[in-house]
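Participant: Contents of start27.tsv (TSV, C-alpha atoms) are below:
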chain	number	residue	atom	x	y	z
N	275	MET	CA	87.77	102.58	152.40
N	276	SER	CA	83.99	102.66	152.83
N	277	ASP	CA	81.68	100.67	150.56
N	278	ASP	CA	80.40	103.82	148.86
N	279	GLN	CA	83.85	105.01	147.91
N	280	VAL	CA	85.17	104.22	144.43
N	281	PRO	CA	88.94	104.17	143.93
N	282	GLU	CA	90.20	106.71	141.45
N	283	LEU	CA	91.80	105.41	138.29
N	284	ASP	CA	95.42	106.07	137.57
N	285	PRO	CA	95.58	108.94	135.00
N	286	ALA	CA	97.31	106.68	132.51
N	287	GLU	CA	94.61	104.01	132.92
N	288	ALA	CA	91.84	106.61	132.64
N	289	GLU	CA	93.40	107.90	129.43
N	290	MET	CA	93.68	104.35	128.06
N	291	PHE	CA	90.02	103.54	128.83
N	292	THR	CA	88.87	106.80	127.24
N	293	ARG	CA	90.95	106.08	124.14
N	294	MET	CA	89.52	102.56	123.87
N	295	TRP	CA	85.99	103.97	124.13
N	296	HIS	CA	86.63	106.33	121.22
N	297	LEU	CA	88.36	103.66	119.15
N	298	GLY	CA	85.37	101.36	119.67
N	299	SER	CA	83.00	104.09	118.51
N	300	ALA	CA	85.14	104.80	115.45
N	301	CYS	CA	85.41	101.14	114.45
N	302	ARG	CA	82.10	99.61	115.54
N	303	ALA	CA	79.84	102.58	114.84
N	304	GLY	CA	81.82	104.18	112.02
N	305	GLU	CA	81.82	107.55	113.78
N	306	ARG	CA	84.28	110.21	112.65
N	307	ILE	CA	86.46	110.66	115.72
N	308	ASP	CA	89.82	112.22	116.58
N	309	VAL	CA	91.86	110.06	118.94
N	310	ASP	CA	95.05	111.62	120.26
N	311	GLY	CA	95.52	113.61	117.05
N	312	VAL	CA	94.71	110.71	114.68
N	313	LEU	CA	91.45	111.09	112.79
N	314	PHE	CA	89.40	107.94	112.15
N	315	ASP	CA	86.97	108.30	109.25
N	316	LEU	CA	85.77	104.72	108.78
N	317	ALA	CA	82.20	105.01	107.49
N	318	HIS	CA	81.45	103.23	104.20
N	319	PRO	CA	78.17	102.51	102.36
N	320	ASP	CA	79.06	98.81	102.04
N	321	LEU	CA	79.69	98.47	105.78
N	322	ASP	CA	76.40	99.23	107.49
N	323	ARG	CA	77.47	98.79	111.11
N	324	ALA	CA	74.02	97.47	112.01
N	325	GLN	CA	74.79	94.56	109.70
N	326	TRP	CA	78.59	94.26	109.70
N	327	SER	CA	80.98	94.27	112.65
N	328	PRO	CA	84.79	94.51	112.60
N	329	THR	CA	86.63	91.51	114.01
N	330	SER	CA	89.24	93.81	115.55
N	331	ILE	CA	89.46	97.34	116.91
N	332	LEU	CA	92.16	99.43	115.26
N	333	GLY	CA	94.71	100.73	117.74
N	334	SER	CA	93.52	98.40	120.50
N	335	VAL	CA	95.92	97.32	123.23
N	336	ARG	CA	94.63	93.78	122.69
N	337	PHE	CA	96.79	92.00	120.13
N	338	ASP	CA	94.92	90.49	117.22
N	339	ARG	CA	96.88	88.67	114.53
N	340	ASN	CA	94.09	89.39	112.01
N	341	ALA	CA	94.16	93.17	112.55
N	342	PRO	CA	95.78	95.45	109.94
N	343	ARG	CA	99.43	96.12	110.70
N	344	LEU	CA	99.30	99.66	112.11
N	345	LEU	CA	101.32	101.43	114.77
N	346	PHE	CA	99.85	104.49	116.50
N	347	PRO	CA	101.34	107.25	118.66
N	348	TRP	CA	100.10	105.37	121.75
N	349	SER	CA	101.49	101.98	120.67
N	350	SER	CA	103.91	100.47	123.20
N	351	GLU	CA	107.30	99.01	122.45
N	352	ASP	CA	105.80	95.54	122.84
N	353	ASP	CA	103.20	96.48	120.22
N	354	ARG	CA	105.97	97.51	117.86
N	355	LEU	CA	107.88	94.27	118.34
N	356	ILE	CA	104.78	92.14	117.78
N	357	GLN	CA	103.51	94.06	114.76
N	358	ASN	CA	106.88	94.26	113.04
N	359	ALA	CA	107.36	90.54	113.63
N	360	ARG	CA	104.25	89.97	111.47
N	361	GLY	CA	105.68	92.09	108.67
N	362	SER	CA	106.36	95.71	107.99
N	363	ALA	CA	103.89	97.83	110.00
N	364	GLN	CA	102.65	101.24	108.86
N	365	GLU	CA	103.41	104.09	111.25
N	366	VAL	CA	100.40	106.36	111.92
N	367	LYS	CA	101.28	109.87	113.08
N	368	ALA	CA	99.30	112.69	114.65
N	369	GLY	CA	97.56	114.60	111.85
N	370	ASP	CA	97.01	111.46	109.74
N	371	THR	CA	93.55	110.15	108.85
N	372	VAL	CA	92.70	106.45	108.69
N	373	VAL	CA	90.17	105.90	105.86
N	374	ILE	CA	88.52	103.04	103.99
N	375	LEU	CA	89.56	102.96	100.32
N	376	GLY	CA	87.25	100.14	99.28
N	377	VAL	CA	85.42	97.02	100.42
N	378	LYS	CA	85.74	93.51	99.00
N	379	VAL	CA	82.87	91.05	99.35
N	380	ILE	CA	84.25	87.54	99.79
N	381	SER	CA	81.95	84.56	99.28
N	382	VAL	CA	82.15	81.96	102.02
N	383	ARG	CA	81.17	78.34	101.56
N	384	ALA	CA	78.24	78.10	103.95
N	385	GLY	CA	77.34	74.79	105.56
N	386	GLN	CA	73.82	74.87	104.13
N	387	GLY	CA	74.57	76.76	100.93
N	388	GLN	CA	71.84	79.15	99.82
N	389	LEU	CA	69.62	77.91	102.65
N	390	ASP	CA	72.06	79.30	105.20
N	391	HIS	CA	71.85	82.75	106.75
N	392	PRO	CA	73.21	85.46	104.39
N	393	HIS	CA	75.84	86.40	106.97
N	394	HIS	CA	77.20	82.85	106.77
N	395	GLN	CA	77.60	83.14	103.01
N	396	GLU	CA	80.00	86.08	102.82
N	397	SER	CA	82.48	88.22	104.69
N	398	ARG	CA	83.68	91.72	103.91
N	399	TRP	CA	87.17	93.12	103.97
N	400	ALA	CA	87.90	96.83	104.14
N	401	GLU	CA	91.01	98.05	102.34
N	402	LEU	CA	92.45	100.82	104.49
N	403	GLY	CA	94.49	103.82	103.57
N	404	LEU	CA	96.46	106.38	105.56
N	405	LYS	CA	95.86	109.96	104.47
N	406	SER	CA	98.55	112.49	105.40
N	407	PRO	CA	97.82	116.17	106.15
N	408	THR	CA	99.01	116.95	102.61
N	409	GLY	CA	96.42	114.60	101.11
N	410	ARG	CA	98.82	111.82	100.16
N	411	ILE	CA	97.21	108.39	100.64
N	412	THR	CA	99.24	105.30	101.52
N	413	PRO	CA	97.45	101.94	101.21
N	414	ILE	CA	97.67	99.63	104.23
N	415	ALA	CA	99.01	96.18	103.35
N	416	GLN	CA	96.58	94.05	105.37
N	417	ALA	CA	92.80	94.37	104.94
N	418	TRP	CA	90.40	94.75	107.86
N	419	GLU	CA	87.94	91.89	108.33
N	420	PHE	CA	84.22	92.42	108.96
N	421	ARG	CA	81.75	89.66	109.71
N	422	GLY	CA	77.98	89.75	109.62
N	423	ALA	CA	76.41	90.82	112.89
N	424	ALA	CA	74.20	87.73	112.65
N	425	ASP	CA	77.07	85.35	111.84
N	426	VAL	CA	76.86	82.65	114.49
N	427	MET	CA	79.11	79.99	113.00
N	428	THR	CA	82.37	81.95	112.65
N	429	PRO	CA	82.64	82.75	116.37
N	430	VAL	CA	81.49	79.20	117.21
N	431	SER	CA	84.32	77.80	115.07
N	432	ARG	CA	86.74	80.03	117.00
N	433	GLY	CA	85.32	79.04	120.37
N	434	ASP	CA	84.00	82.56	120.96
N	435	TYR	CA	80.59	81.74	122.41
N	436	PHE	CA	80.03	85.28	123.63
N	437	GLN	CA	80.12	86.62	120.07
N	438	ALA	CA	77.96	83.72	118.91
N	439	GLN	CA	75.39	84.70	121.53
N	440	GLN	CA	75.54	88.33	120.39
N	441	ALA	CA	74.88	87.17	116.83
N	442	LEU	CA	71.79	85.26	117.98
N	443	TYR	CA	70.61	88.38	119.79
N	444	ALA	CA	71.12	90.40	116.59
N	445	ARG	CA	68.98	87.92	114.66
N	446	LEU	CA	66.25	88.08	117.26
N	447	GLN	CA	66.31	91.88	117.28
N	448	THR	CA	65.97	91.99	113.49
N	449	ALA	CA	63.20	89.40	113.45
N	450	LEU	CA	61.14	91.24	116.07
N	451	GLY	CA	61.73	94.60	114.41
N	452	PHE	CA	62.77	96.78	117.34
N	453	GLU	CA	65.63	99.24	117.76
N	454	GLU	CA	66.67	98.44	121.33
N	455	ASP	CA	69.21	95.68	121.74
N	456	VAL	CA	68.07	92.42	123.28
N	457	GLU	CA	70.31	92.80	126.33
N	458	SER	CA	68.57	96.03	127.34
N	459	LEU	CA	65.24	94.20	127.34
N	460	MET	CA	66.69	91.54	129.59
N	461	LEU	CA	67.15	94.22	132.28
N	462	SER	CA	63.40	94.87	132.45
N	463	ASP	CA	61.70	93.74	135.64
N	464	ASP	CA	58.36	93.64	133.88
N	465	ARG	CA	57.66	92.60	130.31
N	466	SER	CA	54.98	95.28	130.10
N	467	ASP	CA	57.84	97.75	129.63
N	468	TRP	CA	58.86	96.11	126.36
N	469	PRO	CA	58.26	97.84	123.02
N	470	THR	CA	55.70	96.51	120.57
N	471	PHE	CA	57.20	93.85	118.35
N	472	SER	CA	56.54	93.52	114.65
N	473	SER	CA	53.23	91.86	113.88
N	474	LEU	CA	54.92	90.19	110.90
N	475	ALA	CA	57.36	88.29	113.11
N	476	ASP	CA	56.85	84.56	113.54
N	477	PRO	CA	55.20	84.00	116.98
N	478	LEU	CA	58.07	81.62	117.78
N	479	TYR	CA	60.38	84.65	118.00
N	480	HIS	CA	58.04	86.16	120.60
N	481	GLN	CA	58.22	82.94	122.59
N	482	ALA	CA	62.02	82.86	122.19
N	483	ILE	CA	62.56	86.26	123.78
N	484	VAL	CA	60.19	85.42	126.63
N	485	ALA	CA	62.16	82.21	127.28
N	486	LEU	CA	65.42	84.18	127.23
N	487	TRP	CA	64.04	86.82	129.60
N	488	SER	CA	62.87	84.09	131.97
N	489	ALA	CA	66.33	82.51	131.92
N	490	GLU	CA	68.04	85.84	132.58
N	491	ASN	CA	65.76	86.80	135.46
N	492	SER	CA	65.59	83.47	137.26
N	493	ALA	CA	68.87	81.75	136.36
N	494	ASP	CA	66.72	79.27	134.47
N	495	GLU	CA	69.10	77.28	132.26
N	496	GLU	CA	66.15	75.38	130.81
N	497	GLY	CA	64.92	78.71	129.45
N	498	ARG	CA	68.17	79.14	127.52
N	499	ALA	CA	67.81	75.71	125.98
N	500	VAL	CA	64.24	76.54	124.97
N	501	PHE	CA	65.42	79.89	123.56
N	502	GLY	CA	67.90	78.11	121.28
N	503	TYR	CA	65.32	75.58	120.12
N	504	LEU	CA	62.70	78.25	119.35
N	505	MET	CA	65.23	80.33	117.41
N	506	ALA	CA	66.16	77.31	115.29
N	507	ARG	CA	62.53	76.42	114.66
N	508	ALA	CA	61.57	80.00	113.77
N	509	GLU	CA	64.45	80.30	111.30
N	510	ALA	CA	63.50	76.95	109.77
N	511	ASN	CA	60.00	78.34	109.26
N	512	GLU	CA	61.45	81.34	107.46
N	513	ARG	CA	64.05	79.61	105.32
N	514	LEU	CA	63.09	75.98	104.87
N	515	LEU	CA	59.31	75.86	104.83
N	516	PRO	CA	58.84	78.46	102.07
N	517	LEU	CA	61.42	76.61	99.98
N	518	ALA	CA	59.69	73.29	100.64
N	519	ALA	CA	56.34	74.84	99.71
N	520	ARG	CA	57.79	76.25	96.48
N	521	HIS	CA	59.34	72.87	95.71
N	522	ALA	CA	55.98	71.16	96.24
N	523	ASP	CA	54.30	73.72	93.96
N	524	VAL	CA	56.91	73.14	91.25
N	525	ARG	CA	56.47	69.38	91.46
N	526	ALA	CA	52.70	69.69	91.30
N	527	GLY	CA	53.03	72.02	88.29
N	528	ASN	CA	55.37	69.57	86.59
N	529	ARG	CA	52.89	66.77	87.14
N	530	ARG	CA	50.08	68.87	85.69
N	531	ASN	CA	52.18	69.78	82.69
N	532	ALA	CA	53.14	66.16	82.18
N	533	GLN	CA	49.47	65.23	82.07
N	534	LYS	CA	48.67	67.83	79.43
N	535	PRO	CA	48.79	66.63	75.82
N	536	ARG	CA	51.88	68.05	74.21
N	537	LYS	CA	51.51	69.92	70.97
N	538	GLY	CA	53.95	67.61	69.24
N	539	GLY	CA	52.06	64.58	70.50
N	540	GLU	CA	48.76	65.96	69.21
N	541	GLU	CA	50.23	66.55	65.77
N	542	THR	CA	51.59	63.01	65.72
N	543	ARG	CA	48.22	61.57	66.65
N	544	GLU	CA	46.42	63.71	64.07
N	545	ALA	CA	48.80	62.43	61.40
N	546	ALA	CA	48.12	58.85	62.52
N	547	LEU	CA	44.35	59.39	62.28
N	548	ALA	CA	44.72	60.77	58.77
N	549	ILE	CA	46.65	57.69	57.76
N	550	ILE	CA	44.07	55.38	59.36
N	551	VAL	CA	41.31	57.09	57.32
N	552	GLN	CA	43.25	56.24	54.16
N	553	SER	CA	44.22	52.73	55.26
N	554	PRO	CA	41.86	51.33	57.96
N	555	ASP	CA	43.76	48.04	57.97
N	556	ILE	CA	47.26	49.51	58.25
N	557	SER	CA	49.67	47.94	60.76
N	558	ARG	CA	50.94	49.95	63.71
N	559	LYS	CA	54.51	49.68	62.47
N	560	ARG	CA	53.69	50.90	58.98
N	561	CYS	CA	51.53	53.71	60.42
N	562	ALA	CA	54.40	54.85	62.66
N	563	GLU	CA	56.80	54.80	59.72
N	564	ARG	CA	54.47	56.93	57.60
N	565	VAL	CA	53.95	59.38	60.46
N	566	ALA	CA	57.74	59.65	60.76
N	567	GLU	CA	57.98	60.40	57.04
N	568	ILE	CA	55.20	63.00	57.14
N	569	ARG	CA	56.47	64.81	60.26
N	570	GLU	CA	60.16	64.21	59.55
N	571	LEU	CA	60.70	62.41	62.85
N	572	SER	CA	63.31	59.79	63.65
N	573	ASP	CA	62.22	58.46	67.06
N	574	LEU	CA	59.85	55.60	66.18
N	575	LYS	CA	59.62	54.52	69.82
N	576	SER	CA	58.15	57.89	70.77
N	577	ILE	CA	55.67	57.68	67.88
N	578	TYR	CA	54.61	54.18	68.99
N	579	GLN	CA	53.88	55.55	72.48
N	580	ARG	CA	51.71	58.36	71.12
N	581	ILE	CA	49.65	56.34	68.63
N	582	ASP	CA	49.44	53.11	70.61
N	583	GLN	CA	45.93	54.03	71.86
N	584	TYR	CA	44.64	53.68	68.27
N	585	PHE	CA	45.77	50.08	67.82
N	586	GLU	CA	44.92	46.69	69.26
N	587	LYS	CA	46.49	43.29	68.93
N	588	GLY	CA	44.47	40.88	66.77
N	589	ALA	CA	44.18	37.11	66.90
N	590	ASN	CA	47.04	36.82	64.42
N	591	GLY	CA	49.30	38.81	66.75
N	592	ARG	CA	49.40	41.90	64.55
N	593	PHE	CA	48.42	45.39	65.67
N	594	ARG	CA	45.61	46.98	63.64
N	595	PRO	CA	43.53	50.15	64.13
N	596	THR	CA	40.70	49.79	66.62
N	597	ALA	CA	37.11	50.39	65.53
N	598	ALA	CA	37.01	53.41	67.87
N	599	ALA	CA	40.12	54.85	66.20
N	600	ILE	CA	38.64	54.43	62.72
N	601	LEU	CA	35.40	56.07	63.84
N	602	LYS	CA	37.31	58.94	65.46
N	603	ALA	CA	39.41	59.44	62.34
N	604	ARG	CA	36.33	59.65	60.12
N	605	SER	CA	34.50	62.01	62.49
N	606	ARG	CA	37.55	64.28	62.66
N	607	ARG	CA	37.62	64.46	58.88
N	608	GLY	CA	33.93	65.32	58.74
N	609	ALA	CA	34.09	67.89	61.54
N	610	ASN	CA	37.08	69.68	60.03
N	611	GLY	CA	35.58	69.69	56.57
N	612	VAL	CA	38.85	68.45	55.13
N	613	LYS	CA	40.33	65.11	54.40
N	614	LEU	CA	43.00	64.33	56.95
N	615	GLY	CA	44.25	61.76	54.50
N	616	ASN	CA	45.55	64.58	52.31
N	617	LEU	CA	48.52	64.74	54.64
Now, as a test, write the supplied structure out as structure tokens.

Facilitator:
Amino acid sequence: MSDDQVPELDPAEAEMFTRMWHLGSACRAGERIDVDGVLFDLAHPDLDRAQWSPTSILGSVRFDRNAPRLLFPWSSEDDRLIQNARGSAQEVKAGDTVVILGVKVISVRAGQGQLDHPHHQESRWAELGLKSPTGRITPIAQAWEFRGAADVMTPVSRGDYFQAQQALYARLQTALGFEEDVESLMLSDDRSDWPTFSSLADPLYHQAIVALWSAENSADEEGRAVFGYLMARAEANERLLPLAARHADVRAGNRRNAQKPRKGGEETREAALAIIVQSPDISRKRCAERVAEIRELSDLKSIYQRIDQYFEKGANGRFRPTAAAILKARSRRGANGVKLGNL
């Protein structure tokens, strides 16, 4: 056989590859497709395929213990033995339609909580149904799992580094705001062929894709390491720095508020000044007690803290109003045109 000759596929193999292509389109893209007489109608508003990917392909020849228990006209005897060993499998016949009856959103305990990527915080499960030509719908016992396209940690935990890499590519594609997938850009011989990236994207994402392209085109493993670092740093900029800035703003606001005189504190001090006008030689303790009576307060310690500025310790060890406090009390009474002592 010459180098330019390609061996023809066995008809059965060609049919199998064609079927797998259609099944992939039906499951991954949500396209309405007829496969060997079985209609797949798997679109759903809560399963945007740009954001959510199925963990298994329905009707695939590759066994997946997490896939819904379904048997199709093309299922082999081995498929039947395996599926029925997991539990009762639903038989799908030509003329039936596989549909999604509903979607459940399941919260996942993310490693970094609310700081983690949204796709690490939830998964989605499609509840399938089998619709007969007469319109009768039979629910499928096992739900169909979808994970976020940008979920890196689930495939990492399963040792599936290829899918983890695809998730990183999905994040980069979203961040840079272009429609082409990252892998297609890696095939470019010249970066001048690349589309224009979003001006809103962090420049670190621009550097990340350049590092990845360099690694792909020159077998530069260092470029891959740099790509991973830049992705992590860019995402930290997006998720951690804004939160840290907000936290700093809140703390600064709390400090400013703490420094502002509180309304209750002002009223307590005004009451103390009124009492000092009436009794310039009153003790701090007696003043605090009278303020408590006037304002119906019970926390004497708090009152001491608020009126302490008006008292000083004398030679006899007792606290009496300062001259400045007495002067302030009298000036307040004159400025207000009323006697604070009437309290």

Participant: When distances are computed from all atoms listed in the file, which of N:Ala341, N:Ala485, N:Arg323, N:Pro347 shows the smallest separation from Val309 (chain N)?

Facilitator: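 Ranking N:Ala341, N:Ala485, N:Arg323, N:Pro347 by distance to Val309 (chain N), first place goes to N:Pro347.
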
Participant: Report, in Å with one decimal, the straight-line distance from CA of Leu461 (chain N) to CA of Ala510 (chain N).

Facilitator: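 Straight-line distance from CA of Leu461 (chain N) to CA of Ala510 (chain N) works out to 28.6 Å.
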
Participant: Restricting the calculation to all atoms listed in the file, which member of N:Val377, N:Ser299, N:Met427, N:Gln552 is positioned closest to Asp315 (chain N)?

Facilitator: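 Closest residue, counting all atoms listed in the file: N:Ser299.
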
Participant: Go through N:Leu313, N:Ala303, N:Ala508, N:Ala288 one by one, measure the shortest atom-to-atom distance of each to Gln481 (chain N) using only C-alpha atoms, and give the residue with the smallest value.

Facilitator: N:Ala508

Participant: Counting only C-alpha atoms, which residue out of N:Arg339, N:Trp487, N:Glu365, N:Asp310 sits closest to Thr292 (chain N)?

Facilitator: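 With only C-alpha atoms as the atom set, the closest residue is N:Asp310.
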
Participant: In Å, rounded to a single decimal, give me how far CA of Ala317 (chain N) is from CA of Leu404 (chain N).

Facilitator: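 If I compute the distance from CA of Leu404 (chain N) to CA of Ala317 (chain N), I get 14.5 Å.
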
Participant: List the spatial neighbours of Arg498 (chain N) as a list of chain:residue names - criterion: any atom at most 12 Å away, all atoms listed in the file, same-chain residues fewer than 2 positions off excluded.

Facilitator: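 Returned residues: N:Gln439, N:Leu442, N:Gln481, N:Ala482, N:Ile483, N:Val484, N:Ala485, N:Leu486, N:Trp487, N:Ser488, N:Ala489, N:Glu490, N:Asn491, N:Ser492, N:Ala493, N:Asp494, N:Glu495, N:Glu496, N:Val500, N:Phe501, N:Gly502, N:Tyr503, N:Leu504, N:Met505.
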
Participant: Would you be able to write out as an MDAnalysis selection string which residues have an atom within 9 Å of (96.5, 102.7, 100.2) in the file's coordinates, counting only C-alpha atoms?

Facilitator: chainID N and resid 374:375 401:405 411:415

Participant: Please provide the set of residues having any atom within 9 Å of Pro595 (chain N), restricted to all atoms listed in the file, with same-chain residues fewer than 3 positions apart removed, written as a list in words.

Facilitator: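 So the residues in contact are Ile550, Pro554, Asp555, Ile556, Ser557, Arg558, Gln583, Tyr584, Phe585, Glu586, Lys587, Ala598, Ala599 and Ile600 of chain N.
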
Participant: Kindly save the residues from that selection, with C-alpha atoms included, as a JSON list (two decimals), in the coordinates of the input.

Facilitator:
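Resulting contents of selection_28.json:
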[["chain", "number", "residue", "atom", "x", "y", "z"],
["N", 550, "ILE", "CA", 44.07, 55.38, 59.36],
["N", 554, "PRO", "CA", 41.86, 51.33, 57.96],
["N", 555, "ASP", "CA", 43.76, 48.04, 57.97],
["N", 556, "ILE", "CA", 47.26, 49.51, 58.25],
["N", 557, "SER", "CA", 49.67, 47.94, 60.76],
["N", 558, "ARG", "CA", 50.94, 49.95, 63.71],
["N", 583, "GLN", "CA", 45.93, 54.03, 71.86],
["N", 584, "TYR", "CA", 44.64, 53.68, 68.27],
["N", 585, "PHE", "CA", 45.77, 50.08, 67.82],
["N", 586, "GLU", "CA", 44.92, 46.69, 69.26],
["N", 587, "LYS", "CA", 46.49, 43.29, 68.93],
["N", 598, "ALA", "CA", 37.01, 53.41, 67.87],
["N", 599, "ALA", "CA", 40.12, 54.85, 66.20],
["N", 600, "ILE", "CA", 38.64, 54.43, 62.72]]
